[in-house]
Structure formats: structure tokens, C-alpha cells
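S.K.: Next up is a structure, given as C-alpha cells.
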Amino acid sequence: MGLFEQKISPMLSQPASPADRDGYIHEPKWDGTRCIAYLSKKDGSVRLLNRRLVEMSNRYPELSRLYEDIKCAEAILDGEIVVLQNGKPDFSKLQEREHLQDPFLIEIRSRLIPATFMVFDLLYVDGADVTREPLLRRKRLLEDVVRESDRLLLTDFVEGDGLAYFKKARKLGLEGIMAKRADSPYLIGKRSNLWLKVKSINTVDCVVCGYTEGEGRRKGTFGALLLGLYKQDKLVYVGRVGTGFTDAQLHEYAELIGGYRADSSPFAEGAGYRGKHKVVWLKPELVAEVKYMGFARQGGLRAPSFRRWRTDKPAKQCTFPGAED
């Protein structure tokens, strides 16, 4: 089976601190949904796969003609789907698109808040697998292969100057930067320190394992989400998050999480929630990205605040920072 017929898992990165690193290029870390795009002029087709290998082309009709933006017959591109507002990604706007199922609403939102595909890598072009080529070579090929448009943009990068580039990205309000070895191959489905993510804020992707019932003005919704991370294949409780939600989101998310109710706790024995609030347990399938100040000595999150859902990330990949495979 050729590469164009396969479902490709993207190459993943390791977290790192800001630094100047010899032999690395630096580019923005886009606040969006990771996407492997299969584009073919032969049959006018576009396939968009997220990190979970789920087809999401139907959610973004404005990207259905991306094949017009390549100068070859077929290509596989890696990038991020974002919604740009004033030139910067707005993930809250993208989230308005992510859960839609109704074709009419999808079409309306595609016109009101259109998505853009930010491309940063090339895996395949006209029958040739280029994943073993050095990153800089793939970047140069990418410039020859794609044509920028309203729906597709190339990701700019610089060689070296990692610390200065990070400071500039943070000043612009971006999520962070990516540092990538200039000679790195593309390792399909692998997490590697050849690619590093340098974030402006501390965030962690957690499994939502349950919720406490809402009281007072939150009655009928939820009080806080119970969060877990995997440690040696066992779910460990790391805290609860009850901030970062608007009133509208409380009602919307209460309906969402209600579809994942379970009869028992998903936490490992002796590693679960011990609070006194009444809890509704959930299947360990939903993933939430949470901002936090750090980890307490007991292993729990300090000052967590909800940031967004991660519909593109498998729950099993939610591990303690620095413990990624």
C-alpha cells in the first residue's frame, strides 16, 4: 500500500524550555487542530485527518478545494487548521466549528468564521515519499509544491535565534513556538526530541473522569470537572477544574459530558478523588486542555483553569508532563 492510501499519524514533539539551539529552525506553534491533508488534482479530492485518524473534511467545506492550491498532481501535507481573527489564531472560534454535525450549520459557520490550513511540512509528492529527507529540504520542496491562498498559508520559520523568536511570539500573544532539528526526518506516529514545543503558558491535556454536581447558580450543570493523567497505564487523579467556563459553556458542556456517564470511577485503586462532593463518573474518553501554575508536592495541579476541549487527542496520550513516549 502506498503512502497516499495509508492513514498517517503525525509526528509529535516533546515539551522544552526557551533556548538558543544550534541546528534548529523555529516556527509558530499554532493554536488549532492538527491535520494531515491528502490532496489530489487527479480526482479533485481532499481528505483531512486529525491526530486520532478521524476524517474531518465534512466540517470544513471551505477547504474542500485545497487541491487547487498545489502545483503537482498529489501531495500529503502536515499542518494545523485554525480560525484567524485579526491575524492570530482564535481557538474559541475554532471550537464553534469542531462539534457541529448539522450540514446547514456547518455551511453557515464556514462562511461566518472560515478556517485556514497553516502548512508546515510535506510528506509525499507525486508518488515520492519524502519523509526521510531532512526537514529543511522538505521545507524548500513545500515552497515549490504549494500556492498560498485565502484557505492555505505556509508557516514562516527562522534558523536559529530561538530565545529571541520565543520572546517575540509571546509578545504577540501566540501559544508558543516549535523548535525542530533542521536535519530531522519525518517520523510518522513517533514522538521525538527532534521536534520541541515551547509554550508561553503551562498547559496539560487531562482526561475528564467525572464531575461534581453543580450548586447555586450552577445547579443543573456541574461544579467542577475531575481530571486524571496516566502513569504507567493507570489513571491518577490530579485535581478538579471549575474555572474558565462562561455561563453558556456550562450548559453546553453539561450536555456534552452527560453522554459519557459511567457506573464507576475510572481512576486506579487508591489514586482517585477523595473529596466530599457528590460525583458523577464518566468514561475516560474526553480530553480537556487546562492551564495551571504548577504541580503541588502531592502531585495535583495548582490553580487549574479550563482552556479548551481536545477532540483530536486520544485519552491514552494524556500523561504527566515530561513523561511522553
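Within each chain, counting starts at residue 1; across the C-alpha cells, chains are named A, B, ... in the order shown, with ligands numbered 1 upward in that order.
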Please extract the residues of stretch 29-247 of chain A with a backbone DSSP assignment of strand (DSSP E) and present them as a PyMOL selection string.
M.R.: chain A and resi 33-40+45-49+74-82+84-85+88-89+116-125+128-129+152-154+158-159+176-181+191-199+203-213+222-231+234-241
S.K.: Mind checking which residues fall within 8 Å of stretch 63-72 of chain A, counting only C-alpha atoms, ignoring those fewer than 5 positions away in the same chain, and posting them as a ChimeraX atom specification?
M.R.: /A:39-41,44-46,57,115-117,125-126,144-149,151-152
S.K.: Near A:Gly270, within 12 Å and counting only C-alpha atoms, which residues show up once chain neighbours fewer than 6 positions away are dropped, as a PDB file with C-alpha atoms, in the first residue's frame?
M.R.:
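Output file part_12.pdb is given in full below:
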```pdb
ATOM      1  CA  LYS A 234      -3.110   3.785  35.327  1.00  0.00           C
ATOM      2  CA  LEU A 235      -5.305   6.870  35.666  1.00  0.00           C
ATOM      3  CA  VAL A 236      -4.261   9.087  38.568  1.00  0.00           C
ATOM      4  CA  TYR A 237      -6.388  11.934  39.946  1.00  0.00           C
TER       5      TYR A 237
END
```
S.K.: Pick the closest to A:Trp30 from A:Glu5, A:Glu175, A:Glu133, A:Glu107: which is it, counting only C-alpha atoms?
M.R.: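 Answer, going by the shortest atom-to-atom distance: A:Glu175.
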S.K.: For A:Ala182, which of A:Arg111, A:Lys276, A:Arg52, A:Lys139 is the closest residue, counting only C-alpha atoms?
M.R.: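 Of A:Arg111, A:Lys276, A:Arg52, A:Lys139, the one nearest A:Ala182, counting only C-alpha atoms, is A:Lys139.
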S.K.: Fewer than 3 positions away in the same chain doesn't count, so skip those; otherwise give me all residues within 9 Å of A:Leu174, counting only C-alpha atoms, as a list of chain:residue names.
M.R.: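 Within the cut-off, the hits are A:Pro28, A:Lys29, A:Trp30, A:Asp31, A:Lys88, A:Pro89, A:Lys168, A:Ala169, A:Arg170, A:Lys171, A:Ile177, A:Lys199, A:Ser200.
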S.K.: Would you save the residues of that selection, restricted to N, CA and C atoms, as an mmCIF file, in the first residue's frame?
M.R.:
```cif
data_model
loop_
_atom_site.group_PDB
_atom_site.id
_atom_site.type_symbol
_atom_site.label_atom_id
_atom_site.label_comp_id
_atom_site.auth_asym_id
_atom_site.auth_seq_id
_atom_site.Cartn_x
_atom_site.Cartn_y
_atom_site.Cartn_z
ATOM 1 N N PRO A 28 6.077 29.317 14.477
ATOM 2 C CA PRO A 28 4.996 29.479 15.456
ATOM 3 C C PRO A 28 4.335 28.150 15.801
ATOM 4 N N LYS A 29 3.872 28.040 17.045
ATOM 5 C CA LYS A 29 3.029 26.914 17.452
ATOM 6 C C LYS A 29 1.587 27.372 17.300
ATOM 7 N N TRP A 30 0.892 26.816 16.315
ATOM 8 C CA TRP A 30 -0.457 27.265 16.005
ATOM 9 C C TRP A 30 -1.482 26.691 16.975
ATOM 10 N N ASP A 31 -2.420 27.535 17.397
ATOM 11 C CA ASP A 31 -3.467 27.140 18.341
ATOM 12 C C ASP A 31 -4.669 26.666 17.538
ATOM 13 N N LYS A 88 -4.395 36.420 14.142
ATOM 14 C CA LYS A 88 -3.940 35.441 15.132
ATOM 15 C C LYS A 88 -4.980 34.338 15.292
ATOM 16 N N PRO A 89 -4.541 33.112 15.604
ATOM 17 C CA PRO A 89 -5.499 32.021 15.808
ATOM 18 C C PRO A 89 -6.404 32.283 17.005
ATOM 19 N N LYS A 168 9.408 37.107 21.029
ATOM 20 C CA LYS A 168 8.564 37.829 20.078
ATOM 21 C C LYS A 168 7.196 37.163 19.971
ATOM 22 N N ALA A 169 7.162 35.829 19.926
ATOM 23 C CA ALA A 169 5.897 35.091 19.836
ATOM 24 C C ALA A 169 5.037 35.349 21.068
ATOM 25 N N ARG A 170 5.664 35.346 22.246
ATOM 26 C CA ARG A 170 4.920 35.602 23.477
ATOM 27 C C ARG A 170 4.369 37.019 23.492
ATOM 28 N N LYS A 171 5.158 37.985 23.027
ATOM 29 C CA LYS A 171 4.710 39.379 22.967
ATOM 30 C C LYS A 171 3.516 39.535 22.033
ATOM 31 N N ILE A 177 6.150 28.454 20.462
ATOM 32 C CA ILE A 177 6.871 28.178 19.219
ATOM 33 C C ILE A 177 7.229 26.690 19.152
ATOM 34 N N LYS A 199 6.075 26.369 25.039
ATOM 35 C CA LYS A 199 4.819 27.066 25.264
ATOM 36 C C LYS A 199 5.013 28.337 26.080
ATOM 37 N N SER A 200 4.143 29.325 25.799
ATOM 38 C CA SER A 200 4.170 30.583 26.545
ATOM 39 C C SER A 200 3.536 30.427 27.919
#
```
S.K.: Would you list the contacts of stretch 191-195 of chain A as a VMD selection string, taking every protein, DNA or RNA residue within 12 Å and counting only C-alpha atoms, but skipping same-chain residues closer than 2 positions in sequence?
M.R.: chain A and resid 9 to 16 21 23 to 27 29 134 to 135 177 to 189 197 to 198 317 322 to 325
S.K.: Could you write those residues out with N, CA and C atoms, as a tab-separated table (two decimals), in the first residue's frame?
M.R.:
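The resulting file, out08.tsv, is shown below:
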```tsv
chain	number	residue	atom	x	y	z
A	9	SER	N	-0.42	8.89	11.02
A	9	SER	CA	-0.39	9.60	12.30
A	9	SER	C	0.74	10.63	12.25
A	10	PRO	N	0.50	11.84	12.71
A	10	PRO	CA	1.53	12.88	12.60
A	10	PRO	C	2.70	12.66	13.54
A	11	MET	N	3.83	13.21	13.18
A	11	MET	CA	5.00	13.24	14.06
A	11	MET	C	4.69	14.16	15.23
A	12	LEU	N	5.12	13.77	16.45
A	12	LEU	CA	4.81	14.52	17.66
A	12	LEU	C	6.09	15.06	18.30
A	13	SER	N	5.91	16.00	19.22
A	13	SER	CA	7.04	16.71	19.81
A	13	SER	C	7.15	16.46	21.31
A	14	GLN	N	8.27	16.88	21.87
A	14	GLN	CA	8.50	16.85	23.31
A	14	GLN	C	8.44	18.28	23.86
A	15	PRO	N	7.98	18.47	25.10
A	15	PRO	CA	8.00	19.82	25.68
A	15	PRO	C	9.42	20.25	26.01
A	16	ALA	N	9.68	21.56	25.94
A	16	ALA	CA	11.01	22.08	26.23
A	16	ALA	C	10.91	23.54	26.69
A	21	ARG	N	19.21	27.07	20.25
A	21	ARG	CA	19.66	25.71	19.96
A	21	ARG	C	20.30	25.66	18.58
A	23	GLY	N	21.45	24.27	15.14
A	23	GLY	CA	20.94	23.23	14.24
A	23	GLY	C	19.43	23.11	14.23
A	24	TYR	N	18.72	24.05	14.85
A	24	TYR	CA	17.26	24.01	14.89
A	24	TYR	C	16.66	25.17	14.10
A	25	ILE	N	15.48	24.92	13.52
A	25	ILE	CA	14.68	26.02	12.97
A	25	ILE	C	13.53	26.27	13.95
A	26	HIS	N	12.96	27.46	13.88
A	26	HIS	CA	11.87	27.83	14.80
A	26	HIS	C	10.71	28.40	14.01
A	27	GLU	N	9.50	28.01	14.42
A	27	GLU	CA	8.28	28.47	13.76
A	27	GLU	C	7.17	28.61	14.80
A	29	LYS	N	3.87	28.04	17.05
A	29	LYS	CA	3.03	26.91	17.45
A	29	LYS	C	1.59	27.37	17.30
A	134	PRO	N	15.77	15.52	4.93
A	134	PRO	CA	15.93	16.45	6.05
A	134	PRO	C	14.83	17.52	6.03
A	135	LEU	N	14.47	18.01	7.20
A	135	LEU	CA	13.38	18.97	7.33
A	135	LEU	C	13.56	20.18	6.42
A	177	ILE	N	6.15	28.45	20.46
A	177	ILE	CA	6.87	28.18	19.22
A	177	ILE	C	7.23	26.69	19.15
A	178	MET	N	7.61	26.26	17.96
A	178	MET	CA	8.15	24.92	17.74
A	178	MET	C	9.63	25.07	17.38
A	179	ALA	N	10.47	24.23	17.98
A	179	ALA	CA	11.88	24.16	17.63
A	179	ALA	C	12.12	22.79	17.01
A	180	LYS	N	12.64	22.75	15.78
A	180	LYS	CA	12.79	21.48	15.07
A	180	LYS	C	14.19	21.37	14.49
A	181	ARG	N	14.79	20.19	14.67
A	181	ARG	CA	16.10	19.95	14.08
A	181	ARG	C	16.01	20.13	12.57
A	182	ALA	N	16.91	20.94	12.03
A	182	ALA	CA	16.87	21.24	10.60
A	182	ALA	C	17.12	20.01	9.75
A	183	ASP	N	17.81	19.01	10.32
A	183	ASP	CA	18.12	17.80	9.56
A	183	ASP	C	17.21	16.63	9.92
A	184	SER	N	16.12	16.90	10.65
A	184	SER	CA	15.27	15.80	11.13
A	184	SER	C	14.43	15.18	10.02
A	185	PRO	N	14.33	13.83	9.99
A	185	PRO	CA	13.37	13.17	9.10
A	185	PRO	C	11.98	13.33	9.69
A	186	TYR	N	10.96	12.93	8.94
A	186	TYR	CA	9.59	12.95	9.45
A	186	TYR	C	9.28	11.55	9.98
A	187	LEU	N	9.14	11.44	11.31
A	187	LEU	CA	8.92	10.15	11.95
A	187	LEU	C	7.42	9.94	12.16
A	188	ILE	N	6.80	9.22	11.25
A	188	ILE	CA	5.35	9.03	11.28
A	188	ILE	C	4.92	8.38	12.59
A	189	GLY	N	3.99	9.03	13.28
A	189	GLY	CA	3.41	8.49	14.50
A	189	GLY	C	4.34	8.45	15.70
A	197	LYS	N	8.28	21.50	21.58
A	197	LYS	CA	7.25	22.53	21.72
A	197	LYS	C	7.60	23.40	22.92
A	198	VAL	N	7.64	24.70	22.69
A	198	VAL	CA	7.99	25.67	23.73
A	198	VAL	C	6.78	26.57	23.94
A	317	GLN	N	-3.07	9.22	25.57
A	317	GLN	CA	-1.85	10.01	25.41
A	317	GLN	C	-1.71	11.10	26.47
A	322	GLY	N	6.50	15.72	30.56
A	322	GLY	CA	7.84	15.13	30.57
A	322	GLY	C	7.85	13.62	30.53
A	323	ALA	N	6.64	13.00	30.59
A	323	ALA	CA	6.58	11.54	30.60
A	323	ALA	C	6.12	10.98	29.27
A	324	GLU	N	6.03	11.83	28.22
A	324	GLU	CA	5.59	11.35	26.91
A	324	GLU	C	6.56	10.31	26.38
A	325	ASP	N	5.98	9.38	25.61
A	325	ASP	CA	6.82	8.34	25.00
A	325	ASP	C	7.66	8.94	23.89
```
S.K.: Do a neighbour search on stretch 286-292 of chain A at 6 Å with only C-alpha atoms, toss out local chain neighbours closer than 6 positions, and write the hits as a PyMOL selection string.
M.R.: chain A and resi 202-208+302-310+315
S.K.: When you count only C-alpha atoms, which of these residues is closest to A:Lys93: A:Leu163, A:Leu112, A:Arg51, A:Gly79?
M.R.: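 Once distances to A:Lys93 are computed over only C-alpha atoms, the minimum belongs to A:Leu112.
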S.K.: Output as a PyMOL selection string all residues of stretch 62-270 of chain A that backbone DSSP marks as helix (DSSP H, G or I).
M.R.: chain A and resi 62-63+66-69+91-98+103-112+135-145+162-171+216-218+247-258
S.K.: Could you check which of A:Arg47, A:Arg132, A:His277, A:Lys190 is closest to A:Gly223, using only C-alpha atoms?
M.R.: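 The closest residue to A:Gly223 is A:His277.
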S.K.: Can you pull out the residues contacting A:Gly299? Cut-off 7 Å, using only C-alpha atoms, and skip same-chain residues under 3 positions away; I want them as a PyMOL selection string.
M.R.: chain A and resi 238+295-296
S.K.: For the residues in the current selection, export N, CA and C atoms as a short mmCIF file (atom, residue, chain, number, x, y, z; two decimals), in the first residue's frame.
M.R.:
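Once written, selection.cif looks like this:
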```cif
data_model
loop_
_atom_site.label_atom_id
_atom_site.label_comp_id
_atom_site.auth_asym_id
_atom_site.auth_seq_id
_atom_site.Cartn_x
_atom_site.Cartn_y
_atom_site.Cartn_z
N VAL A 238 -5.56 14.19 39.44
CA VAL A 238 -4.63 15.32 39.57
C VAL A 238 -5.33 16.62 39.94
N PHE A 295 2.69 21.88 39.65
CA PHE A 295 2.21 20.69 40.36
C PHE A 295 2.55 20.82 41.85
N ALA A 296 1.57 20.52 42.69
CA ALA A 296 1.81 20.50 44.13
C ALA A 296 2.65 19.28 44.50
#
```
S.K.: Using only C-alpha atoms, pick whichever of A:Leu105, A:Val279, A:Leu136, A:Ile201 has the shortest atom-to-atom distance to A:Ala224.
M.R.: A:Val279
S.K.: Determine the nearest neighbour of A:Met56 from the options A:Thr155, A:Leu256, A:Asp312, A:Gly32, counting only C-alpha atoms.
M.R.: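 Checking each of A:Thr155, A:Leu256, A:Asp312, A:Gly32 against A:Met56, counting only C-alpha atoms, the winner is A:Asp312.
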S.K.: Between atom CA of A:Ala268 and atom CA of A:Asp233, what distance in Å does the model show, to one decimal?
M.R.: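 Result for atom CA of A:Ala268 versus atom CA of A:Asp233: 9.3 Å, one decimal.
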S.K.: Please report the interatomic distance between atom CA of A:His99 and atom CA of A:Leu196 in Å with one decimal.
M.R.: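 Between atom CA of A:His99 and atom CA of A:Leu196 the gap is 29.1 Å.
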